Amino acid sequence: MYQHQQPQANKGAYAAPPPPPPTGQQQAYGAAPPAPQHAYNGPGMMPSTGESGPYGDHGGIKQSGPPAGPPQQNGYPQAAANPRGPHPSAVPSQQMAAMHLGGMSTAGVPGAYGAPPAQAGPPSSQYGAPPSRPPASQYGAPLPGAPTSQYGAPPPRPPASQYGPQSSQLGAPPTKLSSSQYGAASSGPPTSQYGAPPSSSQYGAASSGPPTSQYGAPPSSSQYGAASSGPPTSQYGAPPSSSQYGAAPSGPPTSQFGAPSSGPPTAPYGPPSSGSSAAQYGAAMIRPPTSQYGAPPPAAPGATAPMQYGAPPAGLPGAPRPQYNGPAAGPASAAPLQPGQRPAGPMPGQSGFNMGMPAGDTGQAYGAPQQPDGYAPPPGGLPPGQQVYQQQPGYGQQMGMPPAGPQQLAPPGQRGPHGAQSPMGAAPGGFPNQPLPTPAPQRRLDPDQMPSPIQVYEDDKRNREGLFTTNARGQVPPLVTSDFVAQDQGNCSPRYMRSTVYSVPCTADMWKQSQVPIVLSISPFSRQVGQEMAIPIVNMGDLGPVRCIRCKAYMSPFMTFTDGGRRFTCNFCGGHTEVPPDYFQHLDHTGSRTDRWERPELHLGSYEFVATQDYCKNSKFPNAPAYIFMIDVSYNSMRNGMVVELCRNIKDLLLSLPKEYGAEESAIRVGFATYSNVLHFYNLKAGLAQPQMMVVADVQDVFLPLLDGFLVKLSESEELIESLLDQIPEIFADTRETETILGPVIQAGLQALKDAECAGKLLLFHSSLPTADAPGKLKNRDDRKLLGTDKEKTILAAQTPFYQTLGKECVEAGCSVDLFLFPNAYIDVATIGEIASMTGGQVYKYNYFQADLDGPRFIADLANDIERPIAFDVIMRVRTSTGIRPTDFLGNFYMSNTTDIELAAVDCDKAISVEIKHDDKLTEEDGAYVQVAVLFTSVSGQRRLRCHNLSLNCCSQLAEMYKSCELDSVVNYFAKLAIRSVQNSTPQKIRETLIQRAAQILATYRGNCASPSSAGQLILPECMKLLPLYSSCILKSDALQGLEITTDDRSWLMQQTMSMDVATSVSFFYPRLLPLHEMDPASEGLPIAIRCSAERLKDTGVYLLENGLVMYMWIGLHVSADWLQAVFGVSTPTQIDPDKTKLMELDSPLSQKVRKVIATVQKVRHRALRLTIVRQRDKLEAVFRRYLVEDRGSDGSASYVDFLCHMHKEIRNLLN
């Protein structure tokens, strides 16, 4: 954002004589305020043991204070929190914007939502109440008779100071200037901050000769360049005859940033205030001031063009190209360029952060102040597709970089109005007795100027929502956060397969240079949305699917027919295959088959073939699958109400068993078994008067006591099933058995499916660690202290290979395992969850289950698990065209060889990532092709083959590859890669690897694709400008470094992450935060989300946060009583019961709207989300704040702004 103001001809460069000096208590920054009191204990406050955790657990949350020690952890430094309020807008993705500079850093951690830190500083924060006695401070009102502060009201007598003609940026100046701002006395009129002083240098003693620049360069040469034959230049290159940025002084004084003054003083950063003489950010302004780095005024005749970092005037030997740093009235910058020069900066289609660090200077950084609200850019706007983000002063010191020279405190006599002065000495590259540079105060980058995911989401929705056709090769799909309808016209829908890049580098060297992963995220059975067409089924009869004779690829729309239709050429291997006589068809004048539009495999990207016996196990068609419900009836399961809740609801859920399209009933058979330390099987054969129980006590060598009658169809034995479910809670109501088994239970279910010669699923409902003496017995090895250390892999890996071996047997038999866990203590998810991961199953976890609170969520999850689309006995293979090949696979599956992915079952919510690498050169003309073939058994028992095809472009320029990147898929891959590395690496190594990989991607773009620019700029490709944010979110996620959750929760999250599809992983790592208090009850759809930061929360607001696994409703302490009455039926937040997990069904339109929003969120998620109500300043707020991923974590993890600075440092290191 920029401000541009034309100077007036009668305004000069020098200020009027200064007013009298302030008293000792009235310093230039205002009187020091008293230390404010904490209103809230801050982000370090954690709930004590026994409170509810983020995933439903009531234990394991430790209480801790703010992290101690220096603010540098996890390999990158931290920055203090921003004491100012949020900016109303984010950075536009296609513009150049200047970094906001106003926030002053603090040494401590701010309070939660308004309480200032317990230290000297501003007496009140943005949201906090002012102190009883308003002192003169940075943000407060002035004391009587004292000069105003930076943001205060104008003094009664407007003084002229170094920083402006009538208003002081940093406080009222003394009446008599005994010394210049940083050094010796000045005998002449004061100069601007960075301009050339008339008789003394900026930091040192008076000079008898020509003025020198800030860093001590002799007057005969500019700061960084060749000798100048003309008058001396200032720090930024303008001759002393001109003002700071080029306008010649010829009249009344101008302010620091060039705006002429004609009345009351202007605030340096704040918006104009029409009604208050002392608004929060400054006094009323007659006209908006220009920005520090805004557009310079038109140069006076003979003035040279300004340059950003003191470059010599254009035309001198070795003069660098000036950097674009201001608004443009057209194609050119506002500052005139010399012949042969061009603005440097980002190219169209890229984003740039100007971190403010000139080449060769790591100690100073300069940024631009924020512009007033409502500011409109100058005519002509900015160059298209460019963004420049600048960093404030202090970045070099924040990143641990040394200042430009030694820093010492001056003797008392050398202290000026702004504190100790720098000692005299030789600055680097300067002359002796020149002042050393003083480091600028550390200031925090403005988060509003960072790339915003919300803005990216909204822009994509605005531009890409609606119909998405797949007829073009290498077409980048809409983001997963956008609502679109895919129309299959040759390439499969992005719901089935997404690629990280849609223009593959032609050579392996290009890929190695960029390090952008070429990965496919495959969800072969994803749900269709809206009007999307169901995948057609092709029955070729005894002929079976037509395949390439060389590479065995299946017929696809990209294969071409030759020789009048008698042969076809494979697009994967280039081989020629004879067309079977039964498949022959003539070609038309375009060379296409005349029946092309009648055969799905010739014009669609996704289709299914009915398989022949050759594709079946033992050349025998399979039977219909079966579901076996195996229920833990031990003491814990009966006491928490799980068994009662399950048996009462499962009768209705069985009516939703999956069935083929158009079928009247499901072909799936069901069976039931119960267990504690022994097994109970039930005979439900049709014709029996009542169910029969059979007990198997020998669990060391388990067997199935019956075959006929154990697996039955629902329609044939419905009454017996209802009777059994009514009797189970009564039979085991008085049980006192606490020990349970698990291994023999899975073995028995597996044996039942083998004997029935069918695939199927075991649904186990288990509540405690299997400690009974039986195969699969486990011991309690929980040790949370190991989490986050190099030894964490010992408790995050399985303690016994039993369940892994058993999982392999289940995959071979097509037996999937879903685990519903109800633990009150450690249950070792890392070990028992392996069998679900290997077989394509799922783990559901309900800590401290209570039927009245968690029952609806449990039943909703079970209903979704039973009725969702699913395939059994799956074998998947990925084929690619010549030049690339699949090399790595990530997800929950089993592989018995290097090419085939085997799963007992795959549902619509699972995804598998496949990494592609080069094995030869590619050509831009031919492109690259991928075919995913999935052989499976349907819910009706039919063996089928599903094919998904995708065509990609090839490129010989890195810029083309970066334009076609799909960041959502990259995030999904990076997360799975990091989770898999936990088993064989250390946490520190994982963090470093991820940061280095992301930095390498961005550094390659900067070095090969971006136009030349200052080394202080962070240039980001447009498609990947959120990569630093997502990388930070992955590193902070509980799945990777969950230090404040239980060991079981950590293992559970790791397993969930490995099976996530792209849409689920994006919402998991960057949660959605919806403001509910701003909704219009009559509006449609969801409210626009806001960024995940505590700075966005208002104590008068209500917000809904969800990430696909948890859901929180945060309620501020000062919410409108009308809003609370309409939604909760109470008038104050303290009357709300935080233990409720469901909102009251009131008749008010607002209540209906809020419940509709929650239902809409729930509908698009794969899991039922438990609503947790968090009131402001409750203990649970610390848990809620962990999901505000842009803030600094309570464990010391970096904020988004800090991580971005660290990423910039890594990129510069790679470039150097």
# chains A, B, ... in the order shown; residues from 1 in each chain; ligands from 1
call {"tool": "residues_around", "arguments": {"residues": "region 883-887 of chain A", "least_positions_apart": "5", "cutoff": "6 Å", "atoms": "only C-alpha atoms", "output": "list in words"}}
result
Glu915, Ile916, Lys917, His918, Asp919, Asp920, Lys921 and Leu922 of chain A
call {"tool": "residues_around", "arguments": {"residues": "Tyr1103 (chain A)", "least_positions_apart": "6", "cutoff": "10 Å", "atoms": "only C-alpha atoms", "output": "ChimeraX atom specification"}}
result
/A:1072-1078,1089-1090,1097,1112-1116,1174
call {"tool": "write_last_selection", "arguments": {"atoms": "N, CA, C and O atoms", "output": "CSV table (one decimal), in the first residue's frame"}}
result
chain,number,residue,atom,x,y,z
A,1072,ARG,N,-10.0,-23.9,10.0
A,1072,ARG,CA,-11.0,-22.9,9.5
A,1072,ARG,C,-11.5,-22.2,10.7
A,1072,ARG,O,-12.1,-22.8,11.6
A,1073,LEU,N,-11.5,-20.9,10.7
A,1073,LEU,CA,-12.0,-20.0,11.8
A,1073,LEU,C,-13.1,-19.1,11.3
A,1073,LEU,O,-12.8,-18.2,10.5
A,1074,LEU,N,-14.3,-19.4,11.7
A,1074,LEU,CA,-15.5,-18.7,11.2
A,1074,LEU,C,-16.0,-17.7,12.2
A,1074,LEU,O,-16.3,-18.1,13.3
A,1075,PRO,N,-16.2,-16.4,11.9
A,1075,PRO,CA,-16.8,-15.5,12.8
A,1075,PRO,C,-18.3,-15.6,12.8
A,1075,PRO,O,-19.0,-15.3,11.8
A,1076,LEU,N,-18.9,-16.1,13.9
A,1076,LEU,CA,-20.4,-16.3,13.9
A,1076,LEU,C,-21.1,-15.1,14.3
A,1076,LEU,O,-22.3,-15.0,13.9
A,1077,HIS,N,-20.5,-14.2,15.0
A,1077,HIS,CA,-21.3,-13.0,15.5
A,1077,HIS,C,-21.5,-12.0,14.4
A,1077,HIS,O,-22.4,-11.1,14.6
A,1078,GLU,N,-20.9,-12.1,13.2
A,1078,GLU,CA,-21.1,-11.2,12.1
A,1078,GLU,C,-22.0,-11.7,11.1
A,1078,GLU,O,-22.3,-11.0,10.1
A,1089,ALA,N,-14.1,-17.0,6.3
A,1089,ALA,CA,-13.2,-17.4,7.4
A,1089,ALA,C,-12.2,-16.2,7.6
A,1089,ALA,O,-12.0,-15.4,6.7
A,1090,ILE,N,-11.6,-16.2,8.8
A,1090,ILE,CA,-10.6,-15.3,9.1
A,1090,ILE,C,-9.3,-16.0,9.4
A,1090,ILE,O,-9.3,-17.3,9.6
A,1097,LEU,N,-9.2,-12.2,17.1
A,1097,LEU,CA,-10.4,-12.5,18.0
A,1097,LEU,C,-10.7,-11.2,18.7
A,1097,LEU,O,-9.9,-10.5,19.2
A,1112,TYR,N,-14.3,-26.3,18.0
A,1112,TYR,CA,-14.4,-25.4,19.1
A,1112,TYR,C,-15.3,-24.2,18.8
A,1112,TYR,O,-15.2,-23.7,17.7
A,1113,MET,N,-16.0,-23.8,19.8
A,1113,MET,CA,-16.7,-22.5,19.7
A,1113,MET,C,-16.2,-21.6,20.8
A,1113,MET,O,-16.4,-21.8,22.0
A,1114,TRP,N,-15.5,-20.5,20.4
A,1114,TRP,CA,-14.9,-19.6,21.3
A,1114,TRP,C,-15.8,-18.4,21.5
A,1114,TRP,O,-16.3,-17.8,20.6
A,1115,ILE,N,-16.1,-18.1,22.8
A,1115,ILE,CA,-17.1,-17.1,23.1
A,1115,ILE,C,-16.4,-16.0,23.9
A,1115,ILE,O,-15.8,-16.3,25.0
A,1116,GLY,N,-16.4,-14.8,23.4
A,1116,GLY,CA,-15.7,-13.6,24.1
A,1116,GLY,C,-16.5,-13.2,25.4
A,1116,GLY,O,-17.8,-13.5,25.5
A,1174,VAL,N,-15.7,-23.0,24.5
A,1174,VAL,CA,-14.6,-22.4,25.2
A,1174,VAL,C,-14.9,-20.9,25.4
A,1174,VAL,O,-15.1,-20.2,24.5
call {"tool": "residues_around", "arguments": {"residues": "Val516 (chain A)", "least_positions_apart": "4", "cutoff": "10 Å", "atoms": "only C-alpha atoms", "output": "list in words"}}
result
Thr500, Val501, Pro505, Met510, Trp511, Lys512, Met961, Tyr962, Cys965, Val970, Arg997, Ala998, Gln1000, Ile1001, Leu1002 and Thr1004 of chain A
call {"tool": "write_last_selection", "arguments": {"atoms": "N, CA and C atoms", "output": "PDB file, in the first residue's frame"}}
result
ATOM      1  N   THR A 500       1.266 -32.747  -7.881  1.00  0.00           N
ATOM      2  CA  THR A 500       1.913 -31.566  -7.325  1.00  0.00           C
ATOM      3  C   THR A 500       2.343 -30.598  -8.412  1.00  0.00           C
ATOM      4  N   VAL A 501       2.661 -31.110  -9.593  1.00  0.00           N
ATOM      5  CA  VAL A 501       3.004 -30.264 -10.738  1.00  0.00           C
ATOM      6  C   VAL A 501       2.260 -30.792 -11.956  1.00  0.00           C
ATOM      7  N   PRO A 505       9.205 -31.358 -15.410  1.00  0.00           N
ATOM      8  CA  PRO A 505      10.492 -30.993 -16.040  1.00  0.00           C
ATOM      9  C   PRO A 505      10.939 -32.060 -17.029  1.00  0.00           C
ATOM     10  N   MET A 510      16.710 -30.744 -13.956  1.00  0.00           N
ATOM     11  CA  MET A 510      15.793 -29.660 -13.594  1.00  0.00           C
ATOM     12  C   MET A 510      15.075 -29.982 -12.294  1.00  0.00           C
ATOM     13  N   TRP A 511      14.652 -31.209 -12.159  1.00  0.00           N
ATOM     14  CA  TRP A 511      13.961 -31.588 -10.922  1.00  0.00           C
ATOM     15  C   TRP A 511      14.900 -31.515  -9.718  1.00  0.00           C
ATOM     16  N   LYS A 512      16.118 -32.002  -9.878  1.00  0.00           N
ATOM     17  CA  LYS A 512      17.062 -31.953  -8.760  1.00  0.00           C
ATOM     18  C   LYS A 512      17.377 -30.519  -8.366  1.00  0.00           C
ATOM     19  N   MET A 961       7.295 -24.727 -14.833  1.00  0.00           N
ATOM     20  CA  MET A 961       6.965 -25.714 -13.809  1.00  0.00           C
ATOM     21  C   MET A 961       6.366 -25.035 -12.582  1.00  0.00           C
ATOM     22  N   TYR A 962       6.969 -23.920 -12.155  1.00  0.00           N
ATOM     23  CA  TYR A 962       6.464 -23.242 -10.962  1.00  0.00           C
ATOM     24  C   TYR A 962       5.060 -22.690 -11.182  1.00  0.00           C
ATOM     25  N   CYS A 965       2.391 -25.517 -10.371  1.00  0.00           N
ATOM     26  CA  CYS A 965       2.440 -26.244  -9.101  1.00  0.00           C
ATOM     27  C   CYS A 965       1.076 -26.206  -8.405  1.00  0.00           C
ATOM     28  N   VAL A 970       1.335 -30.650  -2.526  1.00  0.00           N
ATOM     29  CA  VAL A 970       2.684 -30.608  -1.963  1.00  0.00           C
ATOM     30  C   VAL A 970       2.623 -30.705  -0.448  1.00  0.00           C
ATOM     31  N   ARG A 997      14.124 -28.285   2.484  1.00  0.00           N
ATOM     32  CA  ARG A 997      13.445 -28.637   1.230  1.00  0.00           C
ATOM     33  C   ARG A 997      12.602 -27.467   0.737  1.00  0.00           C
ATOM     34  N   ALA A 998      11.852 -26.871   1.644  1.00  0.00           N
ATOM     35  CA  ALA A 998      11.030 -25.724   1.252  1.00  0.00           C
ATOM     36  C   ALA A 998      11.899 -24.544   0.827  1.00  0.00           C
ATOM     37  N   GLN A1000      14.884 -24.661  -0.452  1.00  0.00           N
ATOM     38  CA  GLN A1000      15.492 -24.975  -1.748  1.00  0.00           C
ATOM     39  C   GLN A1000      14.517 -24.716  -2.880  1.00  0.00           C
ATOM     40  N   ILE A1001      13.251 -25.054  -2.681  1.00  0.00           N
ATOM     41  CA  ILE A1001      12.236 -24.804  -3.716  1.00  0.00           C
ATOM     42  C   ILE A1001      12.126 -23.313  -4.008  1.00  0.00           C
ATOM     43  N   LEU A1002      12.076 -22.509  -2.952  1.00  0.00           N
ATOM     44  CA  LEU A1002      11.903 -21.069  -3.132  1.00  0.00           C
ATOM     45  C   LEU A1002      13.197 -20.409  -3.606  1.00  0.00           C
ATOM     46  N   THR A1004      15.474 -21.765  -5.556  1.00  0.00           N
ATOM     47  CA  THR A1004      15.634 -22.069  -6.975  1.00  0.00           C
ATOM     48  C   THR A1004      14.785 -21.144  -7.818  1.00  0.00           C
TER      49      THR A1004
END
call {"tool": "select_by_dssp", "arguments": {"residues": "region 822-1071 of chain A", "states": "alpha helix (DSSP H)", "output": "NGL selection string"}}
result
:A and (829-839 or 851-867 or 958-963 or 967-981 or 987-1008 or 1027-1036 or 1038-1041 or 1047-1058 or 1062-1069)
